[in-house]
file structure28.pdb (PDB, C-alpha atoms)
ATOM      1  CA  GLN A1166     -19.621   0.272  -6.927
ATOM      2  CA  LYS A1167     -16.301  -0.987  -8.318
ATOM      3  CA  ILE A1168     -17.844  -4.316  -9.313
ATOM      4  CA  ARG A1169     -20.687  -2.530 -11.104
ATOM      5  CA  LYS A1170     -18.180  -0.402 -13.017
ATOM      6  CA  GLY A1171     -15.980  -3.389 -13.841
ATOM      7  CA  GLU A1172     -13.064  -1.974 -11.834
ATOM      8  CA  LEU A1173     -11.695  -5.204 -10.416
ATOM      9  CA  GLN A1174      -8.062  -4.211  -9.954
ATOM     10  CA  ASP A1175      -7.207  -4.595  -6.269
ATOM     11  CA  LEU A1176     -10.812  -5.417  -5.388
ATOM     12  CA  VAL A1177     -11.053  -7.802  -2.439
ATOM     13  CA  LEU A1178     -14.161  -9.416  -0.948
ATOM     14  CA  GLY A1179     -13.365 -11.015   2.392
ATOM     15  CA  PRO A1180     -10.160 -12.960   1.758
ATOM     16  CA  PHE A1181     -10.716 -13.156  -2.031
ATOM     17  CA  ARG A1182      -9.040 -10.943  -4.646
ATOM     18  CA  LEU A1183     -11.225 -10.698  -7.760
ATOM     19  CA  LEU A1184      -9.330 -11.256 -11.000
ATOM     20  CA  TYR A1185     -11.949 -11.136 -13.782
ATOM     21  CA  GLN A1186     -15.615 -11.787 -14.478
ATOM     22  CA  ASN A1187     -16.142 -15.304 -15.734
ATOM     23  CA  ALA A1188     -19.936 -15.560 -16.103
ATOM     24  CA  SER A1189     -23.062 -13.547 -15.531
ATOM     25  CA  GLY A1190     -26.683 -14.332 -14.814
ATOM     26  CA  SER A1191     -29.754 -12.363 -13.837
ATOM     27  CA  PHE A1192     -29.218 -13.041 -10.113
ATOM     28  CA  ALA A1193     -25.431 -13.018  -9.726
ATOM     29  CA  ARG A1194     -22.081 -12.722 -11.444
ATOM     30  CA  VAL A1195     -19.243 -15.233 -11.145
ATOM     31  CA  TYR A1196     -15.631 -14.096 -10.920
ATOM     32  CA  ARG A1197     -12.363 -15.935 -10.930
ATOM     33  CA  ALA A1198     -10.737 -14.978  -7.660
ATOM     34  CA  CYS A1199      -7.672 -15.828  -5.630
ATOM     35  CA  ASP A1200      -7.880 -16.778  -1.969
ATOM     36  CA  THR A1201      -5.303 -14.425  -0.431
ATOM     37  CA  ARG A1202      -4.749 -16.865   2.459
ATOM     38  CA  THR A1203      -3.808 -19.876   0.340
ATOM     39  CA  GLY A1204      -3.220 -18.620  -3.216
ATOM     40  CA  LYS A1205      -5.885 -21.067  -4.438
ATOM     41  CA  MET A1206      -8.107 -20.054  -7.364
ATOM     42  CA  VAL A1207     -11.843 -20.060  -6.655
ATOM     43  CA  GLY A1208     -15.055 -19.117  -8.378
ATOM     44  CA  LEU A1209     -16.724 -16.276  -6.496
ATOM     45  CA  LYS A1210     -20.454 -15.948  -7.122
ATOM     46  CA  VAL A1211     -21.499 -12.412  -6.160
ATOM     47  CA  LEU A1212     -25.135 -11.473  -5.648
ATOM     48  CA  ARG A1213     -26.060  -8.531  -7.869
ATOM     49  CA  GLN A1214     -26.357  -5.272  -5.951
ATOM     50  CA  ARG A1215     -30.005  -4.770  -6.924
ATOM     51  CA  TYR A1216     -30.891  -7.818  -4.794
ATOM     52  CA  THR A1217     -28.907  -7.001  -1.648
ATOM     53  CA  ALA A1218     -31.807  -5.076  -0.073
ATOM     54  CA  ASP A1219     -34.257  -7.877  -0.909
ATOM     55  CA  ARG A1220     -34.330 -10.120   2.168
ATOM     56  CA  GLU A1221     -35.922 -12.998   0.269
ATOM     57  CA  ALA A1222     -33.290 -12.848  -2.494
ATOM     58  CA  VAL A1223     -30.462 -12.842   0.046
ATOM     59  CA  THR A1224     -32.073 -15.764   1.885
ATOM     60  CA  GLU A1225     -32.368 -17.762  -1.355
ATOM     61  CA  PHE A1226     -28.746 -16.945  -2.258
ATOM     62  CA  ARG A1227     -27.529 -18.153   1.130
ATOM     63  CA  ARG A1228     -29.811 -21.213   0.960
ATOM     64  CA  GLU A1229     -28.147 -22.193  -2.327
ATOM     65  CA  ALA A1230     -24.746 -21.981  -0.691
ATOM     66  CA  GLU A1231     -25.736 -23.921   2.409
ATOM     67  CA  LEU A1232     -27.281 -26.670   0.288
ATOM     68  CA  GLY A1233     -24.183 -26.748  -1.924
ATOM     69  CA  ARG A1234     -21.904 -27.070   1.090
ATOM     70  CA  THR A1235     -23.575 -30.361   1.972
ATOM     71  CA  LEU A1236     -23.064 -31.883  -1.482
ATOM     72  CA  ARG A1237     -19.630 -33.459  -1.945
ATOM     73  CA  HIS A1238     -19.353 -35.402  -5.182
ATOM     74  CA  GLN A1239     -16.885 -35.396  -8.088
ATOM     75  CA  ASN A1240     -19.683 -34.299 -10.459
ATOM     76  CA  ILE A1241     -20.941 -31.380  -8.361
ATOM     77  CA  VAL A1242     -19.037 -28.100  -8.002
ATOM     78  CA  PRO A1243     -18.159 -27.870  -4.280
ATOM     79  CA  ILE A1244     -19.063 -24.783  -2.251
ATOM     80  CA  PHE A1245     -16.354 -23.688   0.197
ATOM     81  CA  ASP A1246     -17.803 -20.616   1.878
ATOM     82  CA  VAL A1247     -20.728 -18.205   1.971
ATOM     83  CA  ALA A1248     -20.257 -14.741   3.388
ATOM     84  CA  GLU A1249     -21.000 -11.046   3.200
ATOM     85  CA  ASP A1250     -18.498  -8.181   3.049
ATOM     86  CA  GLN A1251     -19.772  -4.627   3.505
ATOM     87  CA  GLY A1252     -23.195  -5.502   2.090
ATOM     88  CA  THR A1253     -21.890  -7.654  -0.778
ATOM     89  CA  HIS A1254     -22.995 -11.279  -0.540
ATOM     90  CA  TYR A1255     -20.851 -13.980  -2.123
ATOM     91  CA  ILE A1256     -20.330 -17.715  -2.426
ATOM     92  CA  ALA A1257     -16.827 -19.180  -2.823
ATOM     93  CA  MET A1258     -16.642 -22.410  -4.823
ATOM     94  CA  GLU A1259     -14.261 -24.491  -6.875
ATOM     95  CA  PHE A1260     -13.116 -22.690 -10.014
ATOM     96  CA  VAL A1261     -13.625 -25.211 -12.805
ATOM     97  CA  GLU A1262     -11.025 -24.737 -15.547
ATOM     98  CA  GLY A1263     -12.965 -25.183 -18.759
ATOM     99  CA  GLY A1264     -16.412 -23.792 -19.516
ATOM    100  CA  ASN A1265     -20.079 -24.615 -19.504
ATOM    101  CA  LEU A1266     -21.581 -27.400 -21.602
ATOM    102  CA  ARG A1267     -23.352 -25.013 -23.999
ATOM    103  CA  ASP A1268     -20.094 -23.263 -24.911
ATOM    104  CA  PHE A1269     -18.236 -26.584 -24.985
ATOM    105  CA  ILE A1270     -20.640 -27.974 -27.599
ATOM    106  CA  GLN A1271     -20.733 -24.714 -29.591
ATOM    107  CA  ILE A1272     -16.944 -24.804 -29.886
ATOM    108  CA  ARG A1273     -16.689 -28.505 -30.698
ATOM    109  CA  LYS A1274     -19.858 -28.541 -32.861
ATOM    110  CA  LYS A1275     -20.253 -32.252 -32.176
ATOM    111  CA  LEU A1276     -19.321 -34.758 -29.481
ATOM    112  CA  SER A1277     -18.179 -38.268 -30.167
ATOM    113  CA  PRO A1278     -20.600 -40.918 -28.909
ATOM    114  CA  ARG A1279     -18.074 -41.838 -26.180
ATOM    115  CA  ASP A1280     -17.722 -38.189 -25.003
ATOM    116  CA  ALA A1281     -21.492 -37.663 -25.075
ATOM    117  CA  VAL A1282     -22.154 -40.795 -23.015
ATOM    118  CA  LYS A1283     -19.446 -39.835 -20.491
ATOM    119  CA  CYS A1284     -20.929 -36.353 -20.119
ATOM    120  CA  VAL A1285     -24.457 -37.679 -19.598
ATOM    121  CA  LEU A1286     -23.175 -40.295 -17.141
ATOM    122  CA  ASP A1287     -21.301 -37.607 -15.140
ATOM    123  CA  ILE A1288     -24.467 -35.489 -14.975
ATOM    124  CA  ALA A1289     -26.613 -38.480 -13.995
ATOM    125  CA  GLU A1290     -24.183 -39.512 -11.245
ATOM    126  CA  GLY A1291     -24.162 -35.975  -9.814
ATOM    127  CA  LEU A1292     -27.968 -35.826  -9.900
ATOM    128  CA  GLU A1293     -28.289 -39.279  -8.348
ATOM    129  CA  TYR A1294     -25.961 -38.295  -5.501
ATOM    130  CA  ALA A1295     -27.911 -35.063  -4.900
ATOM    131  CA  LEU A1296     -31.138 -37.071  -4.786
ATOM    132  CA  THR A1297     -29.655 -39.371  -2.128
ATOM    133  CA  LYS A1298     -29.199 -36.204  -0.041
ATOM    134  CA  GLY A1299     -32.809 -35.163  -0.701
ATOM    135  CA  ALA A1300     -31.913 -32.433  -3.243
ATOM    136  CA  THR A1301     -33.582 -31.926  -6.618
ATOM    137  CA  HIS A1302     -31.642 -29.550  -8.902
ATOM    138  CA  ARG A1303     -34.660 -27.929 -10.684
ATOM    139  CA  ASP A1304     -32.503 -25.730 -12.932
ATOM    140  CA  LEU A1305     -30.668 -28.279 -15.046
ATOM    141  CA  LYS A1306     -29.581 -26.655 -18.294
ATOM    142  CA  MET A1307     -26.421 -26.609 -20.380
ATOM    143  CA  THR A1308     -25.050 -23.468 -18.724
ATOM    144  CA  ASN A1309     -25.335 -25.112 -15.277
ATOM    145  CA  VAL A1310     -23.110 -28.009 -16.326
ATOM    146  CA  LEU A1311     -19.423 -27.108 -16.237
ATOM    147  CA  MET A1312     -16.942 -29.100 -18.289
ATOM    148  CA  SER A1313     -13.516 -29.310 -16.671
ATOM    149  CA  SER A1314     -10.360 -29.195 -18.754
ATOM    150  CA  THR A1315     -10.004 -32.916 -18.009
ATOM    151  CA  GLY A1316     -13.436 -33.700 -19.501
ATOM    152  CA  VAL A1317     -15.408 -34.134 -16.279
ATOM    153  CA  ALA A1318     -18.953 -32.709 -16.210
ATOM    154  CA  LYS A1319     -19.859 -30.970 -12.934
ATOM    155  CA  LEU A1320     -23.249 -29.658 -11.875
ATOM    156  CA  ALA A1321     -23.382 -26.065 -10.707
ATOM    157  CA  ASP A1322     -25.992 -23.611  -9.481
ATOM    158  CA  PHE A1323     -28.328 -25.410  -7.142
ATOM    159  CA  GLY A1324     -30.068 -22.040  -6.583
ATOM    160  CA  LEU A1325     -33.526 -23.367  -7.411
ATOM    161  CA  ALA A1326     -32.998 -26.752  -5.790
ATOM    162  CA  SER A1327     -35.568 -28.153  -3.463
ATOM    163  CA  ILE A1328     -34.594 -30.259  -0.518
ATOM    164  CA  SER A1329     -36.483 -32.164   2.094
ATOM    165  CA  SER A1330     -35.618 -34.703   4.715
ATOM    166  CA  ASP A1331     -37.640 -37.403   2.962
ATOM    167  CA  GLY A1332     -36.281 -36.642  -0.508
ATOM    168  CA  GLY A1333     -39.598 -35.153  -1.691
ATOM    169  CA  GLU A1334     -39.983 -31.711  -3.205
ATOM    170  CA  THR A1335     -40.764 -28.744  -1.028
ATOM    171  CA  GLU A1336     -43.640 -26.440  -1.868
ATOM    172  CA  SER A1337     -41.802 -23.125  -1.645
ATOM    173  CA  ALA A1338     -38.853 -23.587  -3.994
ATOM    174  CA  ALA A1339     -39.005 -21.743  -7.313
ATOM    175  CA  ARG A1340     -38.566 -23.487 -10.644
ATOM    176  CA  ALA A1341     -36.639 -22.543 -13.731
ATOM    177  CA  LEU A1342     -38.807 -22.064 -16.808
ATOM    178  CA  GLU A1343     -36.994 -24.872 -18.657
ATOM    179  CA  TYR A1344     -37.571 -27.288 -15.765
ATOM    180  CA  ALA A1345     -41.176 -26.317 -15.098
ATOM    181  CA  ALA A1346     -42.107 -26.613 -18.756
ATOM    182  CA  ALA A1347     -40.897 -30.232 -18.798
ATOM    183  CA  HIS A1348     -43.333 -31.254 -16.050
TER     184      HIS A1348
END

call {"tool": "encode", "arguments": {"input": "structure28.pdb", "output": "structure tokens"}}
result
Amino acid sequence: QKIRKGELQDLVLGPFRLLYQNASGSFARVYRACDTRTGKMVGLKVLRQRYTADREAVTEFRREAELGRTLRHQNIVPIFDVAEDQGTHYIAMEFVEGGNLRDFIQIRKKLSPRDAVKCVLDIAEGLEYALTKGATHRDLKMTNVLMSSTGVAKLADFGLASISSDGGETESAARALEYAAAH
């Protein structure tokens, strides 16, 4: 109830103290949070309350986290933990200081050729690594690419990813409209 009302002061989920909302999507909200055990800043993706009673939505949310936990690459946002606290489901991940690619370009208006090539190369390297693990992102868009304050592009939100042991796509995974329209 406090999250829904925006009352984050002294709100703790598991070992994480929520500080402020950083991003919001139709499925979840992302908060900057502090791990009370270590003092480390994390991104805490919290499943929206309207989905907590939907078994399939919770399963998909947890599937995203479990897939993300297996992907360790400098151009993919690492997932640290997936848990539930009193009916609230969350994913703890690296908090990337910076912003998403869409906002980054809107602020800068234009990228130099060198910066644009570096960004595309970072994205391609993250995607290539995911493919070697059998994962296809399936929701690649500017808001799912985070730009660190040091200029490194990192892929986030593998929520619609498909994965299979042979690297092929699975039949059951959903697709983002942007991705599906391209195929």

call {"tool": "residues_around", "arguments": {"input": "structure28.pdb", "residues": "A:Gly1233", "least_positions_apart": "5", "cutoff": "12 Å", "atoms": "all atoms listed in the file", "output": "list in words"}}
result
Phe1226, Arg1227, Arg1228, His1238, Ile1241, Val1242, Pro1243, Ile1244, Phe1245, Asp1246, Val1247, Ile1256, Ala1257, Met1258, Glu1259, Ala1295, Lys1298, Ala1300, Thr1301, His1302, Leu1320, Ala1321, Asp1322, Phe1323, Gly1324, Leu1325, Ala1326, Ser1327 and Ile1328 of chain A

call {"tool": "closest_residue", "arguments": {"input": "structure28.pdb", "among": "A:Gly1299, A:Gly1179, A:Gly1252, A:Gly1190", "to": "A:Gln1214", "atoms": "all atoms listed in the file"}}
result
A:Gly1252

call {"tool": "closest_atom_pairs", "arguments": {"input": "structure28.pdb", "of": "stretch 1174-1244 of chain A", "to": "stretch 1262-1285 of chain A", "cutoff": "12 Å", "atoms": "only C-alpha atoms", "output": "tab-separated table"}}
result
residue	atom	partner	partner_atom	distance
A:Asn1187	CA	A:Gly1264	CA	9.3
A:Ala1188	CA	A:Gly1264	CA	9.6
A:Arg1197	CA	A:Glu1262	CA	10.0
A:Met1206	CA	A:Glu1262	CA	9.9
A:Val1207	CA	A:Glu1262	CA	10.1
A:Gly1208	CA	A:Glu1262	CA	10.0
A:Asn1240	CA	A:Cys1284	CA	10.0
A:Val1242	CA	A:Glu1262	CA	11.5

call {"tool": "resolve_selection", "arguments": {"input": "structure28.pdb", "expression": "the PyMOL selection byres ((chain A and resi 1254) around 8)", "output": "PyMOL selection string"}}
result
chain A and resi 1211-1212+1217+1223+1247-1250+1252-1253+1255-1256

call {"tool": "residues_around", "arguments": {"input": "structure28.pdb", "residues": "A:Asp1175", "least_positions_apart": "6", "cutoff": "12 Å", "atoms": "all atoms listed in the file", "output": "VMD selection string"}}
result
chain A and resid 1167 to 1168 1181 to 1185 1198 to 1199 1201

call {"tool": "residues_near_point", "arguments": {"input": "structure28.pdb", "point": "(-12.6, -28.6, -18.2)", "cutoff": "7 Å", "atoms": "only C-alpha atoms", "output": "ChimeraX atom specification"}}
result
/A:1261-1264,1312-1317

call {"tool": "closest_residue", "arguments": {"input": "structure28.pdb", "among": "A:Ala1318, A:Val1177, A:Met1307, A:Leu1209", "to": "A:Ala1193", "atoms": "only C-alpha atoms"}}
result
A:Leu1209

call {"tool": "residues_near_point", "arguments": {"input": "structure28.pdb", "point": "(-24.0, -37.8, -9.9)", "cutoff": "9 Å", "atoms": "only C-alpha atoms", "output": "PDB file with C-alpha atoms, in the coordinates of the input"}}
result
ATOM      1  CA  HIS A1238     -19.353 -35.402  -5.182  1.00  0.00           C
ATOM      2  CA  GLN A1239     -16.885 -35.396  -8.088  1.00  0.00           C
ATOM      3  CA  ASN A1240     -19.683 -34.299 -10.459  1.00  0.00           C
ATOM      4  CA  ILE A1241     -20.941 -31.380  -8.361  1.00  0.00           C
ATOM      5  CA  LEU A1286     -23.175 -40.295 -17.141  1.00  0.00           C
ATOM      6  CA  ASP A1287     -21.301 -37.607 -15.140  1.00  0.00           C
ATOM      7  CA  ILE A1288     -24.467 -35.489 -14.975  1.00  0.00           C
ATOM      8  CA  ALA A1289     -26.613 -38.480 -13.995  1.00  0.00           C
ATOM      9  CA  GLU A1290     -24.183 -39.512 -11.245  1.00  0.00           C
ATOM     10  CA  GLY A1291     -24.162 -35.975  -9.814  1.00  0.00           C
ATOM     11  CA  LEU A1292     -27.968 -35.826  -9.900  1.00  0.00           C
ATOM     12  CA  GLU A1293     -28.289 -39.279  -8.348  1.00  0.00           C
ATOM     13  CA  TYR A1294     -25.961 -38.295  -5.501  1.00  0.00           C
ATOM     14  CA  ALA A1295     -27.911 -35.063  -4.900  1.00  0.00           C
ATOM     15  CA  LEU A1296     -31.138 -37.071  -4.786  1.00  0.00           C
ATOM     16  CA  LYS A1319     -19.859 -30.970 -12.934  1.00  0.00           C
ATOM     17  CA  LEU A1320     -23.249 -29.658 -11.875  1.00  0.00           C
TER      18      LEU A1320
END

call {"tool": "atom_distance", "arguments": {"input": "structure28.pdb", "atom1": "atom CA of A:Ser1191", "atom2": "atom CA of A:Leu1176"}}
result
21.9 Å

call {"tool": "atom_distance", "arguments": {"input": "structure28.pdb", "atom1": "atom CA of A:Ser1189", "atom2": "atom CA of A:Glu1231"}}
result
20.9 Å

call {"tool": "axis_aligned_box", "arguments": {"input": "structure28.pdb", "around": "stretch 1252-1256 of chain A", "padding_each_side": "5 Å", "output": "AutoDock Vina command-line options"}}
result
--center_x -21.8 --center_y -11.6 --center_z -0.2 --size_x 12.9 --size_y 22.2 --size_z 14.5

call {"tool": "atom_distance", "arguments": {"input": "structure28.pdb", "atom1": "atom CA of A:Gly1204", "atom2": "atom CA of A:Leu1178"}}
result
14.5 Å
